[in-house]
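Reproduced below: run-v4.txt, with compact mmCIF, C-alpha atoms.
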```txt
# COMPACT_ATOMS: atom_id res chain seq x y z
CA MET A 1 5.40 -26.10 2.93
CA LYS A 2 5.42 -23.42 5.60
CA LEU A 3 5.17 -19.81 4.50
CA LEU A 4 8.61 -18.88 5.88
CA ASP A 5 10.27 -21.73 3.99
CA TRP A 6 8.55 -20.64 0.77
CA LEU A 7 9.71 -17.04 1.23
CA LYS A 8 13.30 -18.12 1.81
CA ALA A 9 13.36 -20.51 -1.16
CA GLU A 10 13.90 -17.83 -3.83
CA PRO A 11 13.89 -14.03 -4.30
CA PHE A 12 10.36 -12.65 -4.15
CA THR A 13 8.26 -9.57 -4.88
CA LEU A 14 6.26 -8.16 -1.98
CA THR A 15 2.91 -6.74 -3.08
CA PHE A 16 0.69 -4.59 -0.87
CA SER A 17 -2.92 -4.18 -1.93
CA SER A 18 -5.07 -1.10 -1.95
CA GLY A 19 -7.26 -0.66 1.14
CA PHE A 20 -8.59 2.48 2.79
CA PHE A 21 -5.91 3.52 5.33
CA GLY A 22 -4.61 -0.05 5.26
CA PHE A 23 -1.02 1.17 5.50
CA TYR A 24 -1.03 0.45 9.23
CA ALA A 25 -1.64 -3.26 8.60
CA HIS A 26 0.89 -3.29 5.75
CA GLY A 27 3.43 -1.77 8.14
CA GLY A 28 2.87 -4.57 10.64
CA VAL A 29 3.45 -7.18 7.95
CA MET A 30 6.64 -5.42 6.88
CA GLN A 31 7.99 -5.41 10.44
CA ALA A 32 7.40 -9.14 10.82
CA LEU A 33 9.19 -9.89 7.54
CA GLU A 34 12.11 -7.67 8.47
CA GLU A 35 12.51 -9.35 11.86
CA ALA A 36 12.42 -12.75 10.16
CA GLN A 37 15.19 -11.51 7.84
CA THR A 38 12.96 -12.33 4.89
CA LEU A 39 13.15 -9.29 2.64
CA PRO A 40 11.87 -8.69 -0.90
CA GLN A 41 13.97 -7.94 -3.95
CA LYS A 42 11.08 -5.91 -5.38
CA LEU A 43 7.93 -4.24 -4.04
CA THR A 44 4.69 -3.14 -5.67
CA GLY A 45 1.77 -1.23 -4.22
CA ALA A 46 -1.46 0.59 -4.90
CA SER A 47 -3.00 3.31 -2.74
CA SER A 48 -2.27 2.54 0.93
CA GLY A 49 0.03 -0.24 -0.26
CA ALA A 50 2.09 2.30 -2.18
CA ILE A 51 2.97 4.15 1.03
CA ILE A 52 4.61 1.26 2.88
CA SER A 53 6.23 -0.29 -0.18
CA SER A 54 7.72 3.08 -1.12
CA CYS A 55 8.88 4.01 2.36
CA TRP A 56 10.66 0.69 2.83
CA ALA A 57 12.17 0.68 -0.66
CA ALA A 58 13.35 4.27 -0.11
CA GLY A 59 15.33 3.18 2.94
CA LEU A 60 13.10 3.45 6.01
CA ASN A 61 13.34 0.35 8.19
CA ALA A 62 10.30 -1.16 9.88
CA LYS A 63 10.93 0.68 13.15
CA GLU A 64 11.11 4.02 11.35
CA ASN A 65 7.95 3.20 9.40
CA LYS A 66 6.18 2.36 12.63
CA GLN A 67 7.20 5.62 14.27
CA MET A 68 6.00 7.60 11.26
CA LEU A 69 2.62 5.87 11.26
CA PHE A 70 2.07 6.05 15.00
CA ASP A 71 2.91 9.77 15.00
CA LEU A 72 0.50 10.52 12.15
CA THR A 73 -2.31 12.97 12.90
CA ARG A 74 -5.17 14.19 10.73
CA GLU A 75 -3.63 17.65 10.65
CA ASP A 76 -0.53 16.19 8.96
CA PHE A 77 -2.41 15.65 5.68
CA TRP A 78 -5.72 17.52 6.04
CA ASP A 79 -5.67 20.58 3.74
CA PRO A 80 -9.19 21.25 2.42
CA ALA A 81 -9.38 22.71 -1.07
CA GLY A 82 -12.20 25.11 -0.16
CA PHE A 83 -14.03 26.58 -3.14
CA LYS A 84 -11.79 24.57 -5.50
CA VAL A 85 -13.24 21.27 -4.36
CA PHE A 86 -15.69 20.98 -7.24
CA SER A 87 -13.30 22.00 -10.02
CA GLY A 88 -10.49 19.97 -8.50
CA MET A 89 -12.66 16.88 -7.84
CA GLY A 90 -11.21 16.34 -4.39
CA LEU A 91 -11.79 17.56 -0.85
CA LEU A 92 -8.06 17.82 -0.06
CA LYS A 93 -5.39 19.62 -2.08
CA GLY A 94 -2.81 16.99 -1.19
CA GLU A 95 0.00 19.48 -0.61
CA LYS A 96 0.41 18.48 3.03
CA PHE A 97 0.53 14.81 2.07
CA ARG A 98 3.29 15.46 -0.46
CA GLN A 99 5.19 17.55 2.09
CA LEU A 100 4.90 14.69 4.60
CA LEU A 101 6.42 12.29 2.07
CA ASP A 102 9.20 14.75 1.27
CA TYR A 103 10.04 15.03 4.97
CA HIS A 104 10.23 11.29 5.65
CA LEU A 105 11.64 9.73 2.47
CA PRO A 106 15.45 9.32 2.56
CA VAL A 107 15.60 9.32 -1.27
CA LYS A 108 13.42 11.00 -3.87
CA THR A 109 13.64 8.85 -7.02
CA PHE A 110 12.90 5.25 -7.93
CA GLU A 111 16.46 4.84 -9.13
CA GLN A 112 17.84 5.63 -5.65
CA CYS A 113 15.73 2.99 -3.88
CA ARG A 114 17.40 -0.04 -2.30
CA ALA A 115 14.94 -2.41 -4.01
CA LYS A 116 12.97 -2.34 -7.24
CA LEU A 117 9.65 -0.56 -6.83
CA ALA A 118 6.53 -0.31 -9.01
CA LEU A 119 3.43 1.72 -8.12
CA SER A 120 0.02 1.60 -9.75
CA ALA A 121 -2.10 4.68 -10.49
CA TYR A 122 -5.25 5.29 -12.54
CA ASP A 123 -5.26 7.61 -15.55
CA MET A 124 -8.55 9.52 -15.77
CA TRP A 125 -8.13 10.21 -19.50
CA THR A 126 -7.50 6.67 -20.75
CA LYS A 127 -9.30 4.96 -17.83
CA GLN A 128 -6.39 2.56 -17.55
CA THR A 129 -3.83 1.64 -14.91
CA VAL A 130 -0.43 3.29 -15.25
CA VAL A 131 2.64 1.77 -13.55
CA PHE A 132 5.47 4.02 -12.37
CA ASP A 133 8.91 2.51 -11.73
CA LYS A 134 11.29 5.33 -12.60
CA GLY A 135 11.63 9.04 -12.03
CA GLU A 136 10.34 11.07 -9.09
CA LEU A 137 8.89 9.13 -6.16
CA ILE A 138 6.65 11.68 -4.45
CA PRO A 139 4.25 12.49 -7.33
CA ALA A 140 3.99 8.77 -8.15
CA ILE A 141 3.17 7.86 -4.54
CA TYR A 142 0.64 10.67 -4.29
CA ALA A 143 -1.01 9.61 -7.55
CA SER A 144 -1.30 6.03 -6.35
CA CYS A 145 -2.90 7.24 -3.09
CA ALA A 146 -5.22 9.92 -4.51
CA ILE A 147 -8.51 8.45 -3.29
CA PRO A 148 -11.36 9.79 -5.46
CA VAL A 149 -13.35 12.63 -3.87
CA MET A 150 -10.94 12.75 -0.91
CA PHE A 151 -7.79 13.89 -2.78
CA GLN A 152 -7.50 15.99 -5.91
CA PRO A 153 -6.02 14.25 -8.95
CA ILE A 154 -2.50 15.09 -10.06
CA GLU A 155 -1.17 15.68 -13.56
CA TYR A 156 2.14 13.92 -14.00
CA GLN A 157 4.10 12.62 -17.00
CA GLY A 158 1.21 13.43 -19.34
CA TYR A 159 -1.44 11.66 -17.27
CA LYS A 160 -4.24 12.87 -14.99
CA LEU A 161 -3.98 10.46 -12.10
CA LEU A 162 -6.02 9.06 -9.24
CA ASP A 163 -5.84 6.14 -6.81
CA GLY A 164 -4.19 3.03 -8.21
CA GLY A 165 -6.73 0.80 -6.49
CA ILE A 166 -9.48 1.96 -8.83
CA LYS A 167 -8.52 -0.61 -11.44
CA ASP A 168 -5.58 -2.48 -9.89
CA ARG A 169 -6.56 -3.15 -6.29
CA PRO A 170 -4.06 -6.01 -5.81
CA ALA A 171 -1.23 -3.89 -7.29
CA LEU A 172 -0.17 -6.64 -9.66
CA ALA A 173 0.10 -4.50 -12.81
CA GLY A 174 3.74 -3.85 -11.97
CA THR A 175 4.62 -7.56 -11.88
CA GLN A 176 5.50 -9.99 -14.64
CA ASN A 177 4.46 -13.57 -15.30
CA GLY A 178 6.78 -15.93 -13.49
CA GLU A 179 7.64 -13.57 -10.63
CA CYS A 180 7.55 -15.12 -7.19
CA ILE A 181 5.00 -12.92 -5.40
CA PHE A 182 4.02 -12.61 -1.75
CA TYR A 183 0.78 -10.65 -1.65
CA HIS A 184 -0.78 -9.04 1.43
CA HIS A 185 -4.50 -8.73 0.82
CA ILE A 186 -6.64 -6.23 2.71
CA ALA A 187 -10.27 -7.27 2.54
CA SER A 188 -12.52 -4.50 1.21
CA LYS A 189 -15.54 -3.35 3.19
CA SER A 190 -16.37 -0.50 0.84
CA PRO A 191 -20.15 -0.05 0.60
CA TRP A 192 -19.95 0.64 -3.14
CA ARG A 193 -18.28 -2.69 -3.94
CA LYS A 194 -20.33 -5.84 -4.42
CA ALA A 195 -19.24 -8.86 -2.38
CA ASP A 196 -18.51 -10.81 -5.58
CA SER A 197 -16.71 -7.96 -7.34
CA PRO A 198 -13.62 -9.26 -9.17
CA SER A 199 -11.69 -6.23 -7.90
CA ILE A 200 -11.77 -7.47 -4.31
CA GLN A 201 -11.22 -11.18 -4.92
CA ILE A 202 -7.96 -12.73 -3.77
CA PRO A 203 -5.89 -13.18 -6.94
CA LYS A 204 -4.84 -16.61 -8.11
CA ARG A 205 -1.82 -17.21 -10.30
CA ASP A 206 1.24 -19.43 -10.44
CA ASN A 207 3.90 -18.70 -7.83
CA LEU A 208 1.73 -16.19 -5.93
CA ILE A 209 1.03 -16.72 -2.22
CA SER A 210 -1.45 -14.50 -0.40
CA LEU A 211 -1.57 -13.50 3.25
CA VAL A 212 -5.09 -12.75 4.45
CA ILE A 213 -5.66 -11.45 7.97
CA TYR A 214 -9.30 -11.24 9.00
CA ASP A 215 -10.99 -8.82 11.40
CA LEU A 216 -8.34 -6.11 11.46
CA PRO A 217 -9.50 -2.75 12.87
CA ARG A 218 -10.66 -0.45 10.08
CA CYS A 219 -8.99 2.95 10.10
CA GLY A 220 -9.79 6.23 8.41
CA PRO A 221 -9.12 9.96 8.65
CA THR A 222 -11.43 10.18 11.68
CA LYS A 223 -10.29 6.84 13.13
CA LEU A 224 -6.52 7.16 13.17
CA GLN A 225 -6.52 6.09 16.81
CA LEU A 226 -7.28 2.56 15.57
CA GLY A 227 -4.13 2.53 13.43
CA PRO A 228 -1.66 1.31 16.08
CA SER A 229 -3.99 -1.56 16.96
CA ALA A 230 -4.28 -2.57 13.28
CA TYR A 231 -0.49 -2.42 12.98
CA GLU A 232 0.17 -4.57 16.04
CA LYS A 233 -2.51 -7.13 15.18
CA ALA A 234 -1.17 -7.48 11.62
CA TYR A 235 2.37 -7.80 12.97
CA GLN A 236 1.46 -10.55 15.41
CA ALA A 237 -0.69 -12.36 12.86
CA THR A 238 2.14 -12.31 10.31
CA LEU A 239 4.58 -13.80 12.82
CA ARG A 240 2.11 -16.66 13.33
CA ALA A 241 1.50 -16.98 9.61
CA LEU A 242 5.19 -17.49 8.87
CA ASP A 243 5.08 -20.76 10.78
CA ARG A 244 1.90 -22.01 9.11
CA PRO A 245 1.57 -24.19 6.02
CA ILE A 246 0.42 -22.75 2.70
CA GLU A 247 -3.01 -24.05 1.69
CA ASP A 248 -4.55 -23.39 -1.71
CA GLY A 249 -2.11 -20.60 -2.45
CA MET A 250 -2.58 -18.67 0.76
CA VAL A 251 -2.21 -18.42 4.48
CA ALA A 252 -5.38 -17.07 6.08
CA LEU A 253 -5.92 -16.40 9.78
CA ALA A 254 -7.76 -14.14 12.20
CA CYS A 255 -5.90 -11.34 13.90
```

As structure tokens:
Amino acid sequence: MKLLDWLKAEPFTLTFSSGFFGFYAHGGVMQALEEAQTLPQKLTGASSGAIISSCWAAGLNAKENKQMLFDLTREDFWDPAGFKVFSGMGLLKGEKFRQLLDYHLPVKTFEQCRAKLALSAYDMWTKQTVVFDKGELIPAIYASCAIPVMFQPIEYQGYKLLDGGIKDRPALAGTQNGECIFYHHIASKSPWRKADSPSIQIPKRDNLISLVIYDLPRCGPTKLQLGPSAYEKAYQATLRALDRPIEDGMVALAC
């Protein structure tokens, strides 16, 4: 069966994995799905995946997402914590990032979103993944994206929270058994992860199909200029993937 036929067969959950500044690639995938008129009934995300899943669920279309990402500059989110960096356990305060979300998001709560949304974050006290699917959007998105050392943790709803990819890189904690899941996997090149680490393996479960796009440009706070290229390559690769057959639970191709 071709990927597009599978996606149109029944309502599905779109899941965007964690991946350092991988939101450009996620945005490209989202644009291709929107143009194919193949839209999710639910979205989940962790870290960079939380940004695109939240923005789309909150009402931004793919074109608006693209404009937001292509306009992004380092100054838009770079607010060093100064002498508080050691006590706060993060280089950046995160205030600019939260202000950026507040500016762009059409709605501010999960309940106002046009599709169900679940975001993964990591609780520093219990060392477990916490899933947010109700209440305020902005603190939940920030928590899911609070990369250790880079961003300061946030205290929210009784938790002390950091990046959701710490323990739920595929962002599947917010899904249930039996859900039809389309999962966009961003391959990790983190130097602190072993190649055989379970956290970066492509998940396997019933009714889950993965999209894997190899050799995408790797972005970062000092490499934002590579973001548009990652977006466009992911977009074009997803368009090709939609017409390809599913093999062993995935569609994998080079960008």

Taking all atoms listed in the file into account, name the residue in A:Leu4, A:Val29, A:Lys63, A:Phe151 that is nearest to Asp79 (chain A).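 That would be A:Phe151, the residue with the smallest distance to Asp79 (chain A).
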
Would you kindly return, as a list in words, each protein, DNA or RNA residue with an atom no farther than 10 Å from any atom of Gly249 (chain A), considering only C-alpha atoms and excluding same-chain residues fewer than 4 positions away?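 The residues satisfying every condition are Ile202, Pro203, Lys204, Arg205, Asp206, Asn207, Leu208, Ile209, Ser210, Leu211 and Pro245 of chain A.
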
Please determine, counting only C-alpha atoms, which residue among A:Trp125, A:Cys255, A:Gly178, A:Phe70 has the shortest atom-to-atom distance to Glu155 (chain A).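 Once distances to Glu155 (chain A) are computed over only C-alpha atoms, the minimum belongs to A:Trp125.
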
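Counting only C-alpha atoms, Glu232 (chain A) has the following residues at most 12 Å away, ignoring those fewer than 3 positions along the same chain: A:Tyr24, A:Ala25, A:His26, A:Gly27, A:Gly28, A:Val29, A:Met30, A:Gln31, A:Ala32, A:Lys66, A:Leu69, A:Phe70, A:Leu216, A:Pro217, A:Leu226, A:Gly227, A:Pro228, A:Ser229, A:Tyr235, A:Gln236, A:Ala237, A:Thr238, A:Leu239, A:Cys255.
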
Contacts of Glu10 (chain A) at 10 Å or less, counting all atoms listed in the file, minus same-chain residues fewer than 6 places along, as a compact mmCIF listing (two decimals) with C-alpha atoms, keeping the file's coordinate frame?
```txt
# COMPACT_ATOMS: atom_id res chain seq x y z
CA PRO A 40 11.87 -8.69 -0.90
CA GLN A 41 13.97 -7.94 -3.95
CA CYS A 180 7.55 -15.12 -7.19
```

Contacts of Lys223 (chain A) at 10 Å (all atoms listed in the file; same-chain gap of 5+ positions) as a compact mmCIF listing (two decimals) with C-alpha atoms, in the coordinates of the input:
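Below you can see out_0.txt, which holds the result:
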```txt
# COMPACT_ATOMS: atom_id res chain seq x y z
CA PHE A 21 -5.91 3.52 5.33
CA ARG A 74 -5.17 14.19 10.73
CA PRO A 217 -9.50 -2.75 12.87
CA ARG A 218 -10.66 -0.45 10.08
```

Would you compute the distance between CA of Thr109 (chain A) and CA of Asp133 (chain A)? Give it in Å to one decimal.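 If I compute the distance from CA of Thr109 (chain A) to CA of Asp133 (chain A), I get 9.2 Å.
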
Please provide the set of residues having any atom within 6 Å of region 90-105 of chain A, restricted to all atoms listed in the file, with same-chain residues fewer than 2 positions apart removed, written as a PyMOL selection string. chain A and resi 77+79-81+85+88+107+149-152

Save the residues we just selected, C-alpha atoms, as a short mmCIF file (atom, residue, chain, number, x, y, z; two decimals), keeping the file's coordinate frame?
```cif
data_model
loop_
_atom_site.label_atom_id
_atom_site.label_comp_id
_atom_site.auth_asym_id
_atom_site.auth_seq_id
_atom_site.Cartn_x
_atom_site.Cartn_y
_atom_site.Cartn_z
CA PHE A 77 -2.41 15.65 5.68
CA ASP A 79 -5.67 20.58 3.74
CA PRO A 80 -9.19 21.25 2.42
CA ALA A 81 -9.38 22.71 -1.07
CA VAL A 85 -13.24 21.27 -4.36
CA GLY A 88 -10.49 19.97 -8.50
CA VAL A 107 15.60 9.32 -1.27
CA VAL A 149 -13.35 12.63 -3.87
CA MET A 150 -10.94 12.75 -0.91
CA PHE A 151 -7.79 13.89 -2.78
CA GLN A 152 -7.50 15.99 -5.91
#
```

For Ala121 (chain A), which residue among A:Asn61, A:Ser53, A:Ser47, A:Asn177 is the nearest when counting only C-alpha atoms?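 For Ala121 (chain A), the nearest of the candidates is A:Ser47.
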